[in-house]
Amino acid sequence: MPKPEFIFTPLEDSHVQVAVICSKKLKIHMRVRSGGHDYECLSFVSFIEKPFMVLDLSKLRAIQVDIEQNSAWIQTGATIGEVYYKIYEKSPVHGFPAGIWTSLGIGGHITGGAYGAMLRKYGLGADNVIDARIVDANGKILNRAAMGEDLFWAIRGGGGGSFGIILWWQIKLVKVPSTVTVFTINKTSEQNANKILHKWQQVAPNIDDDIFIRVQIQTTNSSVSGKRTVLASFNALFLGRTKKLLHVMSKSFPELGLAKKDCLETSWIKSVLYHAGYPNNTPPEILLQGKSITKFSFKSKSDFARQVIPETALNTLWELLLQEDMPTIFWTPYGGMMSKISESATPFPHREGTLFMIQYLTVWPNEEKNIEKHMKWIRRLYDTMAPYASSFPREAYVNYRDLDLGMNKFNETSFLRSSTWGFKYFKNNFMRLVKVKSKVDPSNFFSHEQSIPPFPIKSKKN
Ligand SMILES: Cc1cc2nc3c(=O)[nH]c(=O)nc-3n(C[C@H](O)[C@H](O)[C@H](O)COP(=O)(O)OP(=O)(O)OC[C@H]3O[C@@H](n4cnc5c(N)ncnc54)[C@H](O)[C@@H]3O)c2cc1C
């Protein structure tokens, strides 16, 4: 991995302005890191521009929650877990609809969309931003009024590292009930997982907006045959109490067999810990630790399903899963609020007609020697799934950044080249993003392997 010349860690907003001005003057390319979760490491590694520095926002993490105004100002070095905690500290009946994984940096996360267990009820984190402060390519600090509606539109889903450095987000808080219900139900192939998954595809995007049932599909040793088999875990949040949940589920999704004993009534903040995978009884204060607890290597890809995947195709998918060491597939249901927001309201275009998002993942230990084997496997899986995914374009989630979809070249950002991934991530919003970029950063100061290019094509001038 190419290493930066140095890492600069600002302590105040004005230091970020200074960083932009000095980076231009010294001709050192800049990468911006908030939580550092970029799937292709683009916030701290540059494959195309050298020398480069990293602007690390981790010391800018103030959070000011104003319950009366139903909003909060957040510095972008904060994690989404810290944001959830600070809201909970002020009110147990307010929350924010963003990521499930709590160590995500709010800077990179919201710039690409930010979905979580409340997306069917309230949409994405980016749909709930009301103002922002950014440092532009001239080193100026701009709020929403000063930056204008075009740039404010672009930074809420157009992907990180293209338009400026977000210093602060002002977010709108959402109402959550004092008691919510969570459950996880596991079904293996022997327990009819196929049929249930087939039904899930028809139910989960159309059920009550208060119900979110995500599926995690992995492999496991069967307790019946002892052989490797497929395991589907149905992981849910219901914004209400168990009694109503059981009533809705018995009518809409009896095949899952949800019973009272499977359900846990809890507070919204504890449901955050539950979905993030913390053990029971972990105190919410763990969210303040601000760092990821898991260290692993992985490659991931994404798809959007607009049609139900037939059971026969699921069988082929399982055969492929059983060939890999540590594969995982997530199905995240859409519908609800996601269908009510228009495709062009923000750059995030995967709205009405999307049944669910698919994430393919293969994980390996850091000391693994044969990484190519895992890369080949996930690319084969992606090719196999093409007939069942959205097409023209085959859509992808920009926050699951994937350089297999193409990348900018050294010192040159080509519109034609970038349109290959641009239309996948943003559909027709890509053209508007290019227009905004051309206006606010024509010399392409903020650039990386998949940044939005200015138009007409320009070579980079620092
Ligand atoms: C384990 C894991 C779980 C995840 N779970 C979810 C999930 O539940 N929901 C979901 O929607 N996504 C999820 N993601 C994807 C996540 O949203 C993206 O990786 C996101 O970009 C992470 O933001 P970050 O600040 O942590 O990353 P970074 O690597 O710091 O930044 C990502 C990109 O944004 C840019 N950037 C960072 N900060 C700023 C800023 N202040 N201004 C402008 N640009 C900036 C970076 O330069 C980079 O291009 C997950 C990722 C991982 C690794």
# chains A, B, ... in the order shown; residues from 1 in each chain; ligands from 1
>>> residues_near_ligand(ligand="ligand 1", cutoff="6 Å", atoms="only C-alpha atoms and all ligand atoms", output="JSON, numbers by chain")
{"A": [31, 32, 33, 34, 35, 36, 37, 38, 39, 42, 43, 76, 99, 100, 101, 104, 105, 106, 107, 108, 109, 114, 115, 116, 160, 161, 164, 165, 166, 167, 399, 400]}
>>> residues_around(residues="Val308 (chain A)", least_positions_apart="6", cutoff="10 Å", atoms="only C-alpha atoms", output="PyMOL selection string")
chain A and resi 197-202+355-356+388-389
>>> write_last_selection(atoms="C-alpha atoms", output="mmCIF file, in the first residue's frame")
data_model
loop_
_atom_site.group_PDB
_atom_site.id
_atom_site.type_symbol
_atom_site.label_atom_id
_atom_site.label_comp_id
_atom_site.auth_asym_id
_atom_site.auth_seq_id
_atom_site.Cartn_x
_atom_site.Cartn_y
_atom_site.Cartn_z
ATOM 1 C CA LEU A 197 -36.211 -16.338 1.569
ATOM 2 C CA HIS A 198 -38.382 -16.504 -1.510
ATOM 3 C CA LYS A 199 -41.360 -15.247 0.508
ATOM 4 C CA TRP A 200 -39.200 -12.640 2.321
ATOM 5 C CA GLN A 201 -38.479 -10.949 -0.994
ATOM 6 C CA GLN A 202 -42.193 -10.332 -1.481
ATOM 7 C CA LEU A 355 -37.119 -4.488 -3.476
ATOM 8 C CA PHE A 356 -33.862 -4.860 -1.591
ATOM 9 C CA TYR A 388 -31.197 -11.186 -11.084
ATOM 10 C CA ALA A 389 -29.875 -7.687 -10.379
#
>>> residues_around(residues="Thr242 (chain A)", least_positions_apart="2", cutoff="6 Å", atoms="only C-alpha atoms", output="PyMOL selection string")
chain A and resi 181+244-245
>>> write_last_selection(atoms="C-alpha atoms", output="PDB file, in the first residue's frame")
ATOM      1  CA  THR A 181     -38.811  -4.960  19.637  1.00  0.00           C
ATOM      2  CA  LYS A 244     -48.507  -5.740  17.518  1.00  0.00           C
ATOM      3  CA  LEU A 245     -45.439  -7.210  15.798  1.00  0.00           C
TER       4      LEU A 245
END
>>> select_by_dssp(residues="region 53-151 of chain A", states="strand (DSSP E)", output="PyMOL selection string")
chain A and resi 53-56+63-66+71-75+94-95+129-135+141-142
>>> closest_atom_pairs(of="region 33-100 of chain A", to="region 126-133 of chain A", cutoff="12 Å", atoms="only C-alpha atoms", output="Markdown table")
| residue | atom | partner | partner_atom | distance |
| --- | --- | --- | --- | --- |
| A:Gln69 | CA | A:Ile130 | CA | 11.8 |
| A:Asn70 | CA | A:Ile130 | CA | 11.0 |
| A:Ser71 | CA | A:Ile130 | CA | 8.5 |
| A:Ala72 | CA | A:Ile130 | CA | 9.6 |
| A:Trp73 | CA | A:Ala132 | CA | 8.4 |
| A:Ile74 | CA | A:Ala132 | CA | 9.2 |
| A:Gln75 | CA | A:Arg133 | CA | 9.2 |
| A:Thr76 | CA | A:Arg133 | CA | 9.9 |
| A:Gly95 | CA | A:Asn128 | CA | 11.3 |
| A:Phe96 | CA | A:Asn128 | CA | 8.3 |
| A:Pro97 | CA | A:Asn128 | CA | 8.0 |
| A:Ala98 | CA | A:Ala126 | CA | 8.4 |
| A:Gly99 | CA | A:Ala126 | CA | 11.0 |
>>> closest_atom_pairs(of="region 30-104 of chain A", to="region 263-282 of chain A", cutoff="10 Å", atoms="only C-alpha atoms", output="CSV")
residue,atom,partner,partner_atom,distance
A:Gly81,CA,A:Val272,CA,8.5
A:Tyr84,CA,A:Ile269,CA,7.1
A:Tyr85,CA,A:Ile269,CA,7.3
A:Ile87,CA,A:Ile269,CA,9.3
A:Tyr88,CA,A:Ile269,CA,6.6
A:Glu89,CA,A:Ile269,CA,9.7
A:Pro92,CA,A:Trp268,CA,7.4
A:Val93,CA,A:Trp268,CA,7.8
A:His94,CA,A:Trp268,CA,8.6
A:Gly95,CA,A:Trp268,CA,7.7
A:Gly99,CA,A:Ala276,CA,9.2
A:Ile100,CA,A:Ala276,CA,5.7
A:Trp101,CA,A:Ala276,CA,5.3
A:Thr102,CA,A:Ala276,CA,6.6
A:Ser103,CA,A:Ala276,CA,9.5
>>> select_by_dssp(residues="region 97-254 of chain A", states="alpha helix (DSSP H)", output="MDAnalysis selection string")
chainID A and resid 106:112 119:122 144:147 149:154 193:203 242:252
>>> residues_around(residues="Phe445 (chain A)", least_positions_apart="3", cutoff="10 Å", atoms="only C-alpha atoms", output="ChimeraX atom specification")
/A:20,23-24,29-30,136-138,161-164,441-442,448,460-462
>>> residues_around(residues="region 228-241 of chain A", least_positions_apart="6", cutoff="8 Å", atoms="only C-alpha atoms", output="PDB file with C-alpha atoms, in the first residue's frame")
ATOM      1  CA  ALA A 117     -32.498  -0.242  10.567  1.00  0.00           C
ATOM      2  CA  VAL A 176     -38.542   6.593  18.238  1.00  0.00           C
ATOM      3  CA  PRO A 177     -40.897   4.790  20.662  1.00  0.00           C
ATOM      4  CA  THR A 179     -40.045   0.499  23.664  1.00  0.00           C
ATOM      5  CA  VAL A 180     -39.028  -1.235  20.450  1.00  0.00           C
ATOM      6  CA  THR A 181     -38.811  -4.960  19.637  1.00  0.00           C
ATOM      7  CA  VAL A 182     -35.901  -6.893  18.129  1.00  0.00           C
ATOM      8  CA  PHE A 183     -35.540 -10.515  17.061  1.00  0.00           C
ATOM      9  CA  THR A 184     -33.237 -12.886  15.197  1.00  0.00           C
ATOM     10  CA  ILE A 185     -34.518 -16.110  13.653  1.00  0.00           C
ATOM     11  CA  ASN A 186     -32.099 -18.584  12.076  1.00  0.00           C
ATOM     12  CA  LYS A 187     -33.086 -21.010   9.323  1.00  0.00           C
ATOM     13  CA  THR A 188     -30.792 -23.456   7.543  1.00  0.00           C
ATOM     14  CA  SER A 189     -31.367 -25.013   4.115  1.00  0.00           C
ATOM     15  CA  ALA A 193     -34.551 -21.371   4.283  1.00  0.00           C
ATOM     16  CA  ASP A 210     -42.213   0.198  11.233  1.00  0.00           C
ATOM     17  CA  ILE A 211     -40.808  -3.287  10.516  1.00  0.00           C
ATOM     18  CA  PHE A 212     -37.279  -3.822   9.205  1.00  0.00           C
ATOM     19  CA  ILE A 213     -36.193  -7.433   8.628  1.00  0.00           C
ATOM     20  CA  ARG A 214     -32.677  -7.792   7.241  1.00  0.00           C
ATOM     21  CA  VAL A 215     -31.234 -11.156   6.218  1.00  0.00           C
ATOM     22  CA  GLN A 216     -27.661 -12.273   6.725  1.00  0.00           C
ATOM     23  CA  ILE A 217     -26.803 -15.401   4.736  1.00  0.00           C
ATOM     24  CA  GLN A 218     -23.707 -17.412   5.678  1.00  0.00           C
ATOM     25  CA  THR A 219     -22.523 -21.013   5.761  1.00  0.00           C
ATOM     26  CA  THR A 220     -22.440 -23.275   8.810  1.00  0.00           C
ATOM     27  CA  ASN A 221     -22.105 -26.935   9.821  1.00  0.00           C
ATOM     28  CA  SER A 222     -25.530 -28.574   9.787  1.00  0.00           C
ATOM     29  CA  GLU A 265     -38.570  -5.611  24.023  1.00  0.00           C
ATOM     30  CA  SER A 271     -31.560  -2.038  19.768  1.00  0.00           C
ATOM     31  CA  HIS A 275     -27.963  -4.852  15.647  1.00  0.00           C
ATOM     32  CA  TRP A 318     -25.879 -21.525  -2.308  1.00  0.00           C
ATOM     33  CA  LEU A 321     -21.412 -19.839  -1.169  1.00  0.00           C
ATOM     34  CA  LEU A 322     -20.396 -23.338  -0.111  1.00  0.00           C
TER      35      LEU A 322
END
>>> closest_residue(among="A:Gln450, A:Gln17, A:Asn194, A:Ser297", to="Thr312 (chain A)", atoms="only C-alpha atoms")
A:Asn194
>>> closest_residue(among="A:Gly335, A:Lys435, A:Pro2, A:Ser91", to="Asp66 (chain A)", atoms="only C-alpha atoms")
A:Ser91
>>> residues_around(residues="Lys424 (chain A)", least_positions_apart="3", cutoff="12 Å", atoms="only C-alpha atoms", output="VMD selection string")
chain A and resid 302 to 304 347 to 350 389 to 398 400 to 402 405 to 406 418 to 421 427 to 430 450
>>> closest_residue(among="A:Phe298, A:Glu5, A:Lys195, A:Gly139", to="Glu368 (chain A)", atoms="only C-alpha atoms")
A:Phe298
>>> residues_around(residues="Pro4 (chain A)", least_positions_apart="6", cutoff="9 Å", atoms="only C-alpha atoms", output="compact mmCIF listing (two decimals) with N, CA and C atoms, in the first residue's frame")
# COMPACT_ATOMS: atom_id res chain seq x y z
N PHE A 44 -7.30 7.02 2.93
CA PHE A 44 -5.93 7.07 3.47
C PHE A 44 -4.87 6.45 2.57
N VAL A 45 -5.28 5.98 1.38
CA VAL A 45 -4.31 5.46 0.42
C VAL A 45 -4.61 6.11 -0.93
N SER A 46 -3.57 6.54 -1.63
CA SER A 46 -3.77 7.04 -2.99
C SER A 46 -2.99 6.14 -3.94
N LYS A 50 0.62 11.09 -6.28
CA LYS A 50 1.73 11.10 -5.32
C LYS A 50 2.50 12.40 -5.44
N PRO A 51 3.10 12.95 -4.41
CA PRO A 51 2.98 12.51 -3.02
C PRO A 51 1.62 12.91 -2.47
N PHE A 52 1.19 12.23 -1.38
CA PHE A 52 -0.10 12.59 -0.80
C PHE A 52 -0.01 12.65 0.72
N MET A 53 -0.95 13.43 1.29
CA MET A 53 -1.08 13.53 2.75
C MET A 53 -2.48 13.08 3.14
N VAL A 54 -2.64 12.74 4.42
CA VAL A 54 -3.97 12.39 4.92
C VAL A 54 -4.42 13.47 5.91
>>> closest_residue(among="A:Asp404, A:Asp150, A:Glu319, A:Glu311", to="Ser344 (chain A)", atoms="only C-alpha atoms")
A:Asp150
>>> atom_distance(atom1="CA of Ser250 (chain A)", atom2="CA of Met337 (chain A)")
23.2 Å
